[in-house]
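Coordinates as given in target.pdb (PDB, C-alpha atoms):
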```pdb
ATOM      1  CA  MET A   1       1.657  22.759 -29.447
ATOM      2  CA  LYS A   2       2.185  26.372 -30.443
ATOM      3  CA  GLU A   3       5.611  27.667 -29.458
ATOM      4  CA  PRO A   4       5.719  31.116 -27.811
ATOM      5  CA  SER A   5       7.888  33.918 -29.172
ATOM      6  CA  ALA A   6      11.074  34.916 -27.385
ATOM      7  CA  THR A   7       9.312  37.643 -25.416
ATOM      8  CA  THR A   8       5.576  36.910 -25.281
ATOM      9  CA  SER A   9       3.423  33.900 -24.498
ATOM     10  CA  ARG A  10      -0.243  33.019 -24.084
ATOM     11  CA  ALA A  11      -2.178  32.966 -20.843
ATOM     12  CA  VAL A  12      -5.894  32.503 -20.250
ATOM     13  CA  GLN A  13      -7.037  35.376 -18.057
ATOM     14  CA  PHE A  14     -10.050  37.195 -16.670
ATOM     15  CA  ALA A  15     -10.434  40.916 -17.301
ATOM     16  CA  SER A  16     -13.379  40.735 -14.894
ATOM     17  CA  PHE A  17     -14.523  37.837 -12.726
ATOM     18  CA  GLY A  18     -17.432  35.778 -13.998
ATOM     19  CA  GLY A  19     -18.299  32.716 -16.057
ATOM     20  CA  PRO A  20     -16.664  31.210 -19.153
ATOM     21  CA  GLU A  21     -17.692  34.248 -21.208
ATOM     22  CA  ALA A  22     -15.224  36.355 -19.182
ATOM     23  CA  LEU A  23     -12.219  34.202 -20.175
ATOM     24  CA  SER A  24      -9.868  35.247 -22.963
ATOM     25  CA  ILE A  25      -6.425  34.323 -24.273
ATOM     26  CA  ARG A  26      -3.955  37.158 -23.811
ATOM     27  CA  GLU A  27      -0.421  37.768 -24.945
ATOM     28  CA  VAL A  28       1.716  38.323 -21.835
ATOM     29  CA  PRO A  29       5.457  38.715 -21.211
ATOM     30  CA  VAL A  30       7.264  35.396 -20.831
ATOM     31  CA  PRO A  31       7.776  34.969 -17.054
ATOM     32  CA  GLN A  32      11.262  34.401 -15.660
ATOM     33  CA  ALA A  33      12.297  31.996 -12.912
ATOM     34  CA  GLY A  34      13.821  33.740  -9.902
ATOM     35  CA  PRO A  35      15.885  32.257  -7.061
ATOM     36  CA  GLY A  36      14.324  29.046  -5.743
ATOM     37  CA  GLN A  37      11.983  28.813  -8.736
ATOM     38  CA  ILE A  38      11.579  26.814 -11.925
ATOM     39  CA  ARG A  39       9.758  27.769 -15.105
ATOM     40  CA  VAL A  40       7.639  25.096 -16.728
ATOM     41  CA  ARG A  41       6.587  24.996 -20.371
ATOM     42  CA  VAL A  42       3.027  23.773 -19.908
ATOM     43  CA  THR A  43       1.689  21.189 -22.352
ATOM     44  CA  ALA A  44      -1.573  20.258 -20.588
ATOM     45  CA  ALA A  45      -3.796  21.774 -17.902
ATOM     46  CA  GLY A  46      -6.532  19.801 -16.148
ATOM     47  CA  LEU A  47      -9.731  21.563 -15.096
ATOM     48  CA  ASN A  48     -11.454  21.269 -11.714
ATOM     49  CA  PRO A  49     -14.726  22.651 -10.305
ATOM     50  CA  MET A  50     -12.728  24.877  -7.942
ATOM     51  CA  ASP A  51     -11.258  26.712 -10.946
ATOM     52  CA  TRP A  52     -14.517  28.308 -11.985
ATOM     53  CA  PHE A  53     -15.952  28.470  -8.451
ATOM     54  CA  MET A  54     -13.036  30.599  -7.197
ATOM     55  CA  THR A  55     -13.326  33.062 -10.064
ATOM     56  CA  SER A  56     -17.113  33.288 -10.349
ATOM     57  CA  ASP A  57     -17.288  36.712  -8.691
ATOM     58  CA  ALA A  58     -14.981  39.259  -7.056
ATOM     59  CA  GLU A  59     -16.028  38.445  -3.482
ATOM     60  CA  THR A  60     -15.309  34.731  -3.865
ATOM     61  CA  ALA A  61     -12.019  35.438  -5.661
ATOM     62  CA  ALA A  62     -10.887  37.697  -2.822
ATOM     63  CA  ARG A  63     -11.407  34.851  -0.342
ATOM     64  CA  PHE A  64      -8.784  32.880  -2.285
ATOM     65  CA  GLY A  65      -6.421  35.843  -2.546
ATOM     66  CA  LEU A  66      -7.105  36.381  -6.266
ATOM     67  CA  SER A  67      -7.211  39.788  -7.933
ATOM     68  CA  LEU A  68      -7.417  41.115 -11.497
ATOM     69  CA  PRO A  69      -5.957  40.506 -13.975
ATOM     70  CA  CYS A  70      -6.324  36.878 -12.938
ATOM     71  CA  GLY A  71      -5.274  33.655 -14.622
ATOM     72  CA  PHE A  72      -7.281  30.441 -14.750
ATOM     73  CA  GLY A  73      -6.812  26.781 -13.866
ATOM     74  CA  THR A  74      -4.652  25.092 -11.254
ATOM     75  CA  ASP A  75      -3.470  21.652 -12.452
ATOM     76  CA  TYR A  76      -0.643  21.569 -14.999
ATOM     77  CA  ALA A  77       1.921  19.271 -16.592
ATOM     78  CA  GLY A  78       4.887  20.000 -18.816
ATOM     79  CA  ALA A  79       8.679  20.237 -18.751
ATOM     80  CA  VAL A  80      11.137  22.452 -16.888
ATOM     81  CA  ASP A  81      12.716  24.931 -19.293
ATOM     82  CA  GLN A  82      14.400  27.380 -16.895
ATOM     83  CA  VAL A  83      15.932  26.882 -13.437
ATOM     84  CA  GLY A  84      16.483  29.718 -10.970
ATOM     85  CA  ASP A  85      19.467  30.215  -8.699
ATOM     86  CA  GLY A  86      19.748  27.786  -5.824
ATOM     87  CA  VAL A  87      17.516  25.095  -7.316
ATOM     88  CA  ARG A  88      19.026  21.618  -7.102
ATOM     89  CA  GLU A  89      15.878  19.483  -7.220
ATOM     90  CA  PHE A  90      15.093  19.984 -10.918
ATOM     91  CA  ALA A  91      16.985  20.446 -14.177
ATOM     92  CA  VAL A  92      16.004  21.769 -17.591
ATOM     93  CA  GLY A  93      14.142  19.042 -19.459
ATOM     94  CA  ASP A  94      12.650  17.325 -16.406
ATOM     95  CA  ARG A  95       9.003  16.378 -16.886
ATOM     96  CA  VAL A  96       6.885  17.737 -14.041
ATOM     97  CA  PHE A  97       3.294  18.130 -12.909
ATOM     98  CA  GLY A  98       1.569  19.888 -10.044
ATOM     99  CA  GLY A  99      -0.621  22.848  -9.171
ATOM    100  CA  VAL A 100      -0.387  26.638  -9.382
ATOM    101  CA  LEU A 101      -3.456  28.406  -8.048
ATOM    102  CA  SER A 102      -5.481  29.998 -10.863
ATOM    103  CA  ARG A 103      -2.692  30.362 -13.428
ATOM    104  CA  ALA A 104      -2.138  26.937 -14.975
ATOM    105  CA  VAL A 105      -3.762  27.518 -18.378
ATOM    106  CA  ALA A 106      -0.795  29.330 -19.879
ATOM    107  CA  ASP A 107       2.237  28.568 -22.004
ATOM    108  CA  TYR A 108       4.487  29.021 -18.959
ATOM    109  CA  VAL A 109       4.123  28.836 -15.194
ATOM    110  CA  VAL A 110       6.754  29.792 -12.639
ATOM    111  CA  VAL A 111       6.768  27.528  -9.595
ATOM    112  CA  ASP A 112       8.379  27.942  -6.182
ATOM    113  CA  VAL A 113      10.248  24.719  -5.538
ATOM    114  CA  ALA A 114       9.463  25.012  -1.810
ATOM    115  CA  GLY A 115       5.910  26.295  -2.360
ATOM    116  CA  THR A 116       2.406  24.904  -2.078
ATOM    117  CA  ILE A 117      -0.426  24.873  -4.587
ATOM    118  CA  ALA A 118      -1.994  27.869  -2.834
ATOM    119  CA  VAL A 119       1.243  29.819  -2.358
ATOM    120  CA  GLY A 120       3.874  29.779  -5.090
ATOM    121  CA  GLY A 121       2.774  26.529  -6.668
ATOM    122  CA  GLU A 122       4.265  23.067  -6.406
ATOM    123  CA  ALA A 123       6.004  20.666  -8.768
ATOM    124  CA  HIS A 124       6.508  16.897  -8.775
ATOM    125  CA  ARG A 125       8.400  14.671 -11.176
ATOM    126  CA  THR A 126       6.175  12.988 -13.745
ATOM    127  CA  PRO A 127       6.844   9.231 -13.653
ATOM    128  CA  ASP A 128       7.781   7.387 -16.810
ATOM    129  CA  GLY A 129       4.667   5.833 -18.266
ATOM    130  CA  VAL A 130       2.395   8.765 -17.363
ATOM    131  CA  ASP A 131       1.627  11.109 -20.265
ATOM    132  CA  ASP A 132       1.205  14.847 -19.729
ATOM    133  CA  ARG A 133      -2.569  14.849 -20.136
ATOM    134  CA  THR A 134      -2.885  12.257 -17.401
ATOM    135  CA  ALA A 135      -0.341  14.031 -15.197
ATOM    136  CA  SER A 136      -2.252  17.298 -15.559
ATOM    137  CA  ALA A 137      -5.318  15.637 -14.030
ATOM    138  CA  LEU A 138      -3.639  14.405 -10.851
ATOM    139  CA  ALA A 139      -2.856  17.185  -8.385
ATOM    140  CA  ILE A 140      -6.140  18.647  -7.136
ATOM    141  CA  ALA A 141      -8.383  15.604  -7.611
ATOM    142  CA  GLY A 142      -5.755  13.147  -6.408
ATOM    143  CA  CYS A 143      -4.877  15.111  -3.267
ATOM    144  CA  THR A 144      -8.558  15.694  -2.466
ATOM    145  CA  ALA A 145      -9.395  12.009  -2.834
ATOM    146  CA  ALA A 146      -6.393  11.019  -0.720
ATOM    147  CA  ALA A 147      -7.412  13.478   2.014
ATOM    148  CA  ALA A 148     -10.992  12.151   1.982
ATOM    149  CA  LEU A 149      -9.829   8.555   2.293
ATOM    150  CA  ALA A 150      -7.534   9.514   5.165
ATOM    151  CA  VAL A 151     -10.568  10.754   7.118
ATOM    152  CA  VAL A 152     -12.638   7.558   6.735
ATOM    153  CA  ASN A 153      -9.692   5.109   6.503
ATOM    154  CA  PRO A 154     -11.300   2.323   4.441
ATOM    155  CA  GLY A 155      -9.966  -1.211   4.439
ATOM    156  CA  PRO A 156     -10.942  -4.848   3.869
ATOM    157  CA  GLY A 157     -14.371  -5.542   5.285
ATOM    158  CA  ASP A 158     -15.598  -1.984   4.708
ATOM    159  CA  THR A 159     -18.425  -0.994   2.396
ATOM    160  CA  VAL A 160     -17.806   2.604   1.373
ATOM    161  CA  LEU A 161     -20.476   4.842  -0.114
ATOM    162  CA  VAL A 162     -19.010   7.448  -2.496
ATOM    163  CA  GLY A 163     -21.307  10.274  -3.558
ATOM    164  CA  GLY A 164     -20.504  11.814  -6.942
ATOM    165  CA  ALA A 165     -18.361   8.814  -7.788
ATOM    166  CA  GLY A 166     -18.062   9.563 -11.504
ATOM    167  CA  GLY A 167     -16.689  13.088 -11.135
ATOM    168  CA  GLY A 168     -13.102  14.272 -11.228
ATOM    169  CA  VAL A 169     -12.387  13.441  -7.581
ATOM    170  CA  GLY A 170     -14.724  10.456  -7.513
ATOM    171  CA  VAL A 171     -12.764   8.445 -10.065
ATOM    172  CA  PHE A 172      -9.747   8.620  -7.734
ATOM    173  CA  ALA A 173     -11.698   8.021  -4.506
ATOM    174  CA  VAL A 174     -13.412   4.917  -5.872
ATOM    175  CA  GLN A 175     -10.197   3.326  -7.078
ATOM    176  CA  LEU A 176      -8.177   4.193  -3.975
ATOM    177  CA  ALA A 177     -10.874   2.704  -1.753
ATOM    178  CA  ARG A 178     -10.906  -0.438  -3.888
ATOM    179  CA  LEU A 179      -7.108  -0.656  -3.707
ATOM    180  CA  ALA A 180      -7.463  -0.457   0.090
ATOM    181  CA  GLY A 181      -9.632  -3.573  -0.090
ATOM    182  CA  ALA A 182     -13.055  -2.003   0.432
ATOM    183  CA  ARG A 183     -16.301  -2.645  -1.386
ATOM    184  CA  VAL A 184     -17.479   0.595  -3.020
ATOM    185  CA  ILE A 185     -20.997   1.764  -3.827
ATOM    186  CA  GLY A 186     -20.949   4.902  -5.977
ATOM    187  CA  THR A 187     -23.779   7.353  -6.562
ATOM    188  CA  GLY A 188     -24.310   8.905  -9.965
ATOM    189  CA  SER A 189     -26.813   9.452 -12.740
ATOM    190  CA  ALA A 190     -28.410   6.506 -14.502
ATOM    191  CA  THR A 191     -26.155   7.142 -17.512
ATOM    192  CA  SER A 192     -22.990   6.856 -15.387
ATOM    193  CA  ALA A 193     -23.572   3.233 -14.333
ATOM    194  CA  ASP A 194     -21.192   1.637 -16.836
ATOM    195  CA  ALA A 195     -18.457   4.187 -16.107
ATOM    196  CA  LEU A 196     -18.746   3.503 -12.368
ATOM    197  CA  ARG A 197     -18.596  -0.252 -12.867
ATOM    198  CA  ALA A 198     -15.453   0.191 -14.955
ATOM    199  CA  LEU A 199     -13.828   1.902 -11.965
ATOM    200  CA  GLY A 200     -14.809  -0.924  -9.621
ATOM    201  CA  ALA A 201     -17.866   0.661  -7.988
ATOM    202  CA  GLU A 202     -21.376  -0.725  -7.738
ATOM    203  CA  PRO A 203     -23.604   2.069  -9.115
ATOM    204  CA  VAL A 204     -26.658   3.512  -7.406
ATOM    205  CA  VAL A 205     -28.719   6.424  -8.718
ATOM    206  CA  TYR A 206     -28.756   9.522  -6.500
ATOM    207  CA  GLY A 207     -31.917  11.456  -5.619
ATOM    208  CA  ASP A 208     -35.170  10.573  -3.897
ATOM    209  CA  GLY A 209     -35.171   7.036  -2.501
ATOM    210  CA  LEU A 210     -31.364   6.838  -2.241
ATOM    211  CA  VAL A 211     -31.375   5.290   1.246
ATOM    212  CA  GLU A 212     -33.780   2.526   0.185
ATOM    213  CA  ARG A 213     -31.724   1.747  -2.925
ATOM    214  CA  ILE A 214     -28.541   1.488  -0.866
ATOM    215  CA  ARG A 215     -30.232  -0.803   1.662
ATOM    216  CA  ALA A 216     -31.314  -3.081  -1.182
ATOM    217  CA  LEU A 217     -27.787  -3.132  -2.599
ATOM    218  CA  ALA A 218     -26.029  -3.548   0.756
ATOM    219  CA  PRO A 219     -28.384  -5.230   3.229
ATOM    220  CA  ALA A 220     -25.479  -5.791   5.636
ATOM    221  CA  GLY A 221     -24.980  -2.021   5.815
ATOM    222  CA  VAL A 222     -22.514   0.708   4.849
ATOM    223  CA  THR A 223     -19.510   1.390   7.099
ATOM    224  CA  ALA A 224     -18.039   4.619   5.661
ATOM    225  CA  ALA A 225     -19.046   7.413   3.285
ATOM    226  CA  ILE A 226     -17.381  10.114   1.200
ATOM    227  CA  ASP A 227     -19.632  12.878  -0.180
ATOM    228  CA  LEU A 228     -17.978  14.599  -3.140
ATOM    229  CA  HIS A 229     -20.932  16.634  -4.347
ATOM    230  CA  GLY A 230     -22.906  18.216  -1.502
ATOM    231  CA  THR A 231     -24.537  16.684   1.555
ATOM    232  CA  GLU A 232     -27.052  14.147   0.184
ATOM    233  CA  THR A 233     -24.704  11.177   0.458
ATOM    234  CA  ALA A 234     -23.425  12.165   3.896
ATOM    235  CA  LEU A 235     -26.947  12.550   5.270
ATOM    236  CA  ALA A 236     -27.982   9.226   3.703
ATOM    237  CA  ALA A 237     -24.994   7.573   5.374
ATOM    238  CA  ARG A 238     -26.067   8.955   8.734
ATOM    239  CA  GLU A 239     -29.548   7.555   8.187
ATOM    240  CA  LEU A 240     -27.958   4.192   7.402
ATOM    241  CA  GLY A 241     -26.145   4.241  10.745
ATOM    242  CA  VAL A 242     -22.649   5.237   9.654
ATOM    243  CA  PRO A 243     -20.933   7.091  12.550
ATOM    244  CA  ASP A 244     -19.953  10.705  11.879
ATOM    245  CA  GLU A 245     -16.242   9.968  12.271
ATOM    246  CA  ARG A 246     -16.417   7.692   9.203
ATOM    247  CA  ILE A 247     -18.176  10.245   6.981
ATOM    248  CA  THR A 248     -16.521  13.125   5.164
ATOM    249  CA  THR A 249     -17.506  15.837   2.692
ATOM    250  CA  ILE A 250     -15.559  18.087   0.349
ATOM    251  CA  ALA A 251     -18.222  20.481  -0.945
ATOM    252  CA  GLY A 252     -20.727  20.675   1.912
ATOM    253  CA  GLN A 253     -20.579  21.402   5.636
ATOM    254  CA  ILE A 254     -22.426  19.329   8.239
ATOM    255  CA  ASP A 255     -21.997  19.841  11.984
ATOM    256  CA  GLY A 256     -20.173  16.884  13.495
ATOM    257  CA  ILE A 257     -18.697  15.648  10.201
ATOM    258  CA  THR A 258     -15.052  16.338   9.365
ATOM    259  CA  PRO A 259     -14.600  17.857   5.876
ATOM    260  CA  ALA A 260     -11.679  16.828   3.692
ATOM    261  CA  ASN A 261      -9.376  19.270   1.930
ATOM    262  CA  GLY A 262      -6.706  18.365  -0.598
ATOM    263  CA  ALA A 263      -4.351  20.855   1.057
ATOM    264  CA  ASN A 264      -4.288  18.480   4.041
ATOM    265  CA  ALA A 265      -3.305  15.392   2.072
ATOM    266  CA  ALA A 266      -0.452  13.480   3.645
ATOM    267  CA  PRO A 267       3.069  14.265   2.396
ATOM    268  CA  GLY A 268       3.867  12.028  -0.549
ATOM    269  CA  ALA A 269       0.207  11.266  -1.329
ATOM    270  CA  ILE A 270       0.328  12.717  -4.838
ATOM    271  CA  GLU A 271       3.589  10.925  -5.675
ATOM    272  CA  GLU A 272       1.982   7.677  -4.551
ATOM    273  CA  ILE A 273      -1.027   8.304  -6.791
ATOM    274  CA  ALA A 274       1.214   9.143  -9.743
ATOM    275  CA  GLY A 275       3.116   5.926  -9.096
ATOM    276  CA  LEU A 276      -0.102   3.912  -9.116
ATOM    277  CA  ALA A 277      -1.026   5.499 -12.441
ATOM    278  CA  ALA A 278       2.408   4.716 -13.863
ATOM    279  CA  ALA A 279       2.081   1.092 -12.756
ATOM    280  CA  GLY A 280      -1.334   0.783 -14.396
ATOM    281  CA  ARG A 281      -3.060   0.211 -11.072
ATOM    282  CA  LEU A 282      -5.059   3.452 -11.189
ATOM    283  CA  ARG A 283      -6.924   4.673 -14.265
ATOM    284  CA  VAL A 284      -7.321   8.388 -14.910
ATOM    285  CA  PRO A 285     -10.289   8.739 -17.277
ATOM    286  CA  ILE A 286      -9.924  11.755 -19.579
ATOM    287  CA  ALA A 287     -13.466  12.685 -20.570
ATOM    288  CA  ALA A 288     -12.517  15.357 -23.109
ATOM    289  CA  THR A 289      -9.576  17.402 -24.372
ATOM    290  CA  PHE A 290      -9.732  20.883 -25.891
ATOM    291  CA  PRO A 291      -7.176  23.163 -27.524
ATOM    292  CA  VAL A 292      -6.609  26.303 -25.459
ATOM    293  CA  GLU A 293      -8.434  28.321 -28.124
ATOM    294  CA  ARG A 294     -11.632  26.545 -26.993
ATOM    295  CA  ILE A 295     -11.192  27.273 -23.300
ATOM    296  CA  ARG A 296     -14.727  28.625 -22.909
ATOM    297  CA  ALA A 297     -16.314  25.482 -24.352
ATOM    298  CA  ALA A 298     -14.133  23.319 -22.108
ATOM    299  CA  VAL A 299     -15.181  25.201 -18.977
ATOM    300  CA  GLU A 300     -18.846  25.064 -19.974
ATOM    301  CA  LEU A 301     -18.613  21.273 -20.364
ATOM    302  CA  GLN A 302     -16.789  20.806 -17.062
ATOM    303  CA  ALA A 303     -19.166  23.119 -15.195
ATOM    304  CA  GLU A 304     -22.154  20.981 -16.221
ATOM    305  CA  ARG A 305     -20.810  18.377 -13.751
ATOM    306  CA  HIS A 306     -21.938  15.482 -15.933
ATOM    307  CA  VAL A 307     -18.609  14.452 -17.460
ATOM    308  CA  HIS A 308     -17.227  11.097 -16.333
ATOM    309  CA  GLY A 309     -13.588  11.904 -15.670
ATOM    310  CA  LYS A 310     -11.354  14.879 -16.338
ATOM    311  CA  VAL A 311     -11.423  17.725 -18.869
ATOM    312  CA  VAL A 312      -7.958  18.734 -20.104
ATOM    313  CA  ILE A 313      -6.709  21.764 -22.033
ATOM    314  CA  ASP A 314      -3.894  21.191 -24.548
ATOM    315  CA  LEU A 315      -1.293  23.917 -24.906
TER     316      LEU A 315
END
```
How does this structure look as structure tokens?
Amino acid sequence: MKEPSATTSRAVQFASFGGPEALSIREVPVPQAGPGQIRVRVTAAGLNPMDWFMTSDAETAARFGLSLPCGFGTDYAGAVDQVGDGVREFAVGDRVFGGVLSRAVADYVVVDVAGTIAVGGEAHRTPDGVDDRTASALAIAGCTAAAALAVVNPGPGDTVLVGGAGGGVGVFAVQLARLAGARVIGTGSATSADALRALGAEPVVYGDGLVERIRALAPAGVTAAIDLHGTETALAARELGVPDERITTIAGQIDGITPANGANAAPGAIEEIAGLAAAGRLRVPIAATFPVERIRAAVELQAERHVHGKVVIDL
């Protein structure tokens, strides 16, 4: 970990919105925590598809309230190194993780203690037994998976179809559904089968013939479905007789089906997920780690959507 100077630090930023080629590491003034804020020395930042989707062009960025110069990344983990006036919840040295919209890949982030990921950022205590790389992969994917499960409410006796089961959100959704007592069938590529089995899912290859393959695997039927990629899985679930109220999507819109959004996760959901990870009951597969100097290569890998697990930037 490279230590910043007393006055400047590194931050990955866009000079203009676009793909990985538009990202660069810049020297910026060290931010200061104001009243009600903490400053976190970031050690790891987990990447998510939303990071590069939000910043792909100026019009999309504006929809998320982003303007230039703009940072990159949302999930972070590290330690509190400065506490603003009025803050009682955290002290210098506390290990924390959370989300700060499009500014996580930086030596420092300033977080509003009473904020949200979208506004001001949020911070949670990192449990003992969870390393920073793992903690940096929790916030967005964990909250999104928790919100999706809340829509379909799986339990014992359910057979849940999870589309995109090997992706960043999928690895959480599969395991949380299994912990709820459900059988899980997960869609993925042929090469992802072993990774899905390791998570507790029964793999099925997506694409043409998906409905027939699911019927062969689950002749008694599917009772709920979570589509984490687009709409293929949700539409297949409908064809298999799953009622709309037990289907959800996160990346596609279908009339009559309730989408899930991590911002709507129940209070305490992310702490519960972190606790499961600390207890060894939930695995957080880290597919690859990159030093911040290789941020472009990391984003290119993550954007291919074929990694099984999370991509993490080390700072």
Let me know the residues the PyMOL selection byres ((chain A and resi 59-62) around 12) catches in the file above, as a ChimeraX atom specification. /A:14,16-18,50-58,63-72,101-102
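Matched in the shown structure by the PyMOL selection byres ((chain A and resi 253-266) around 6): Cys143, Thr144, Ala147, Ala148, Asp244, Thr248, Thr249, Ile250, Gly252, Pro267 and Ala269 of chain A.
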Which of these, A:Gly170, A:Gly221, A:Gly46, A:Gly129, has the shortest distance to Gly241 in chain A once you count only C-alpha atoms?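 The shortest atom-to-atom distance to Gly241 in chain A comes from A:Gly221.
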CA of Ser136 in chain A and CA of His229 in chain A, how far apart in Å?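 That distance, rounded to one decimal, is 21.8 Å.
Nearest to Asp75 in chain A of all the residues A:Val312, A:Tyr108, A:Val307, A:Ala278 is A:Val312, based on all atoms listed in the file.
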Considering all atoms listed in the file, state which residue in the set A:Gly86, A:Gly121, A:Gly115, A:Gly186 is at the smallest distance from Gly98 in chain A.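 Closest candidate: A:Gly121.
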How far is it from CA of Glu272 in chain A to CA of Leu176 in chain A, in Å with one decimal?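 Here the two named atoms are 10.8 Å from each other.
Of note, CA of Val40 in chain A and CA of Val171 in chain A are spaced 27.2 Å apart.
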Step by step, work through what the PyMOL selection byres ((chain A and resi 160) around 8) selects in the shown file, and finish by giving those residues as a count of residues only. 15
For Gly309 in chain A, please output as a ChimeraX atom specification all residues within 10 Å (counting only C-alpha atoms; exclusion window: fewer than 2 positions along the same chain). /A:137,165-172,195,283-288,302,305-307,311-312
Using only C-alpha atoms for the distances, tell me which of A:Gly181, A:Gly275, A:Gly99, A:Gly73 is nearest to Ile313 in chain A.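 Once distances to Ile313 in chain A are computed over only C-alpha atoms, the minimum belongs to A:Gly73.
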Would you pick out the contacts of range 197-214 of chain A at 7 Å or less, using all atoms listed in the file, so that residues sharing its chain but fewer than 4 positions from it are not included, and give the list as a PyMOL selection string? chain A and resi 171+174-175+178+184-190+193+218+236
I'd like the neighbourhood of Tyr76 in chain A as a VMD selection string, where a residue qualifies if any of its atoms comes within 9 Å (using all atoms listed in the file), though same-chain residues fewer than 2 positions away should be ignored. chain A and resid 42 to 46 73 to 74 78 96 to 100 104 to 105 109 132 to 133 135 to 139
For Asn48 in chain A, which of A:Gly142, A:Gly280, A:Pro31, A:Gly230 is the closest residue, counting only C-alpha atoms? A:Gly142
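Each of A:Ser192, A:Ser24, A:Gln37, A:Thr126 was compared to Arg10 in chain A using only C-alpha atoms, and A:Ser24 turns out to be the nearest.
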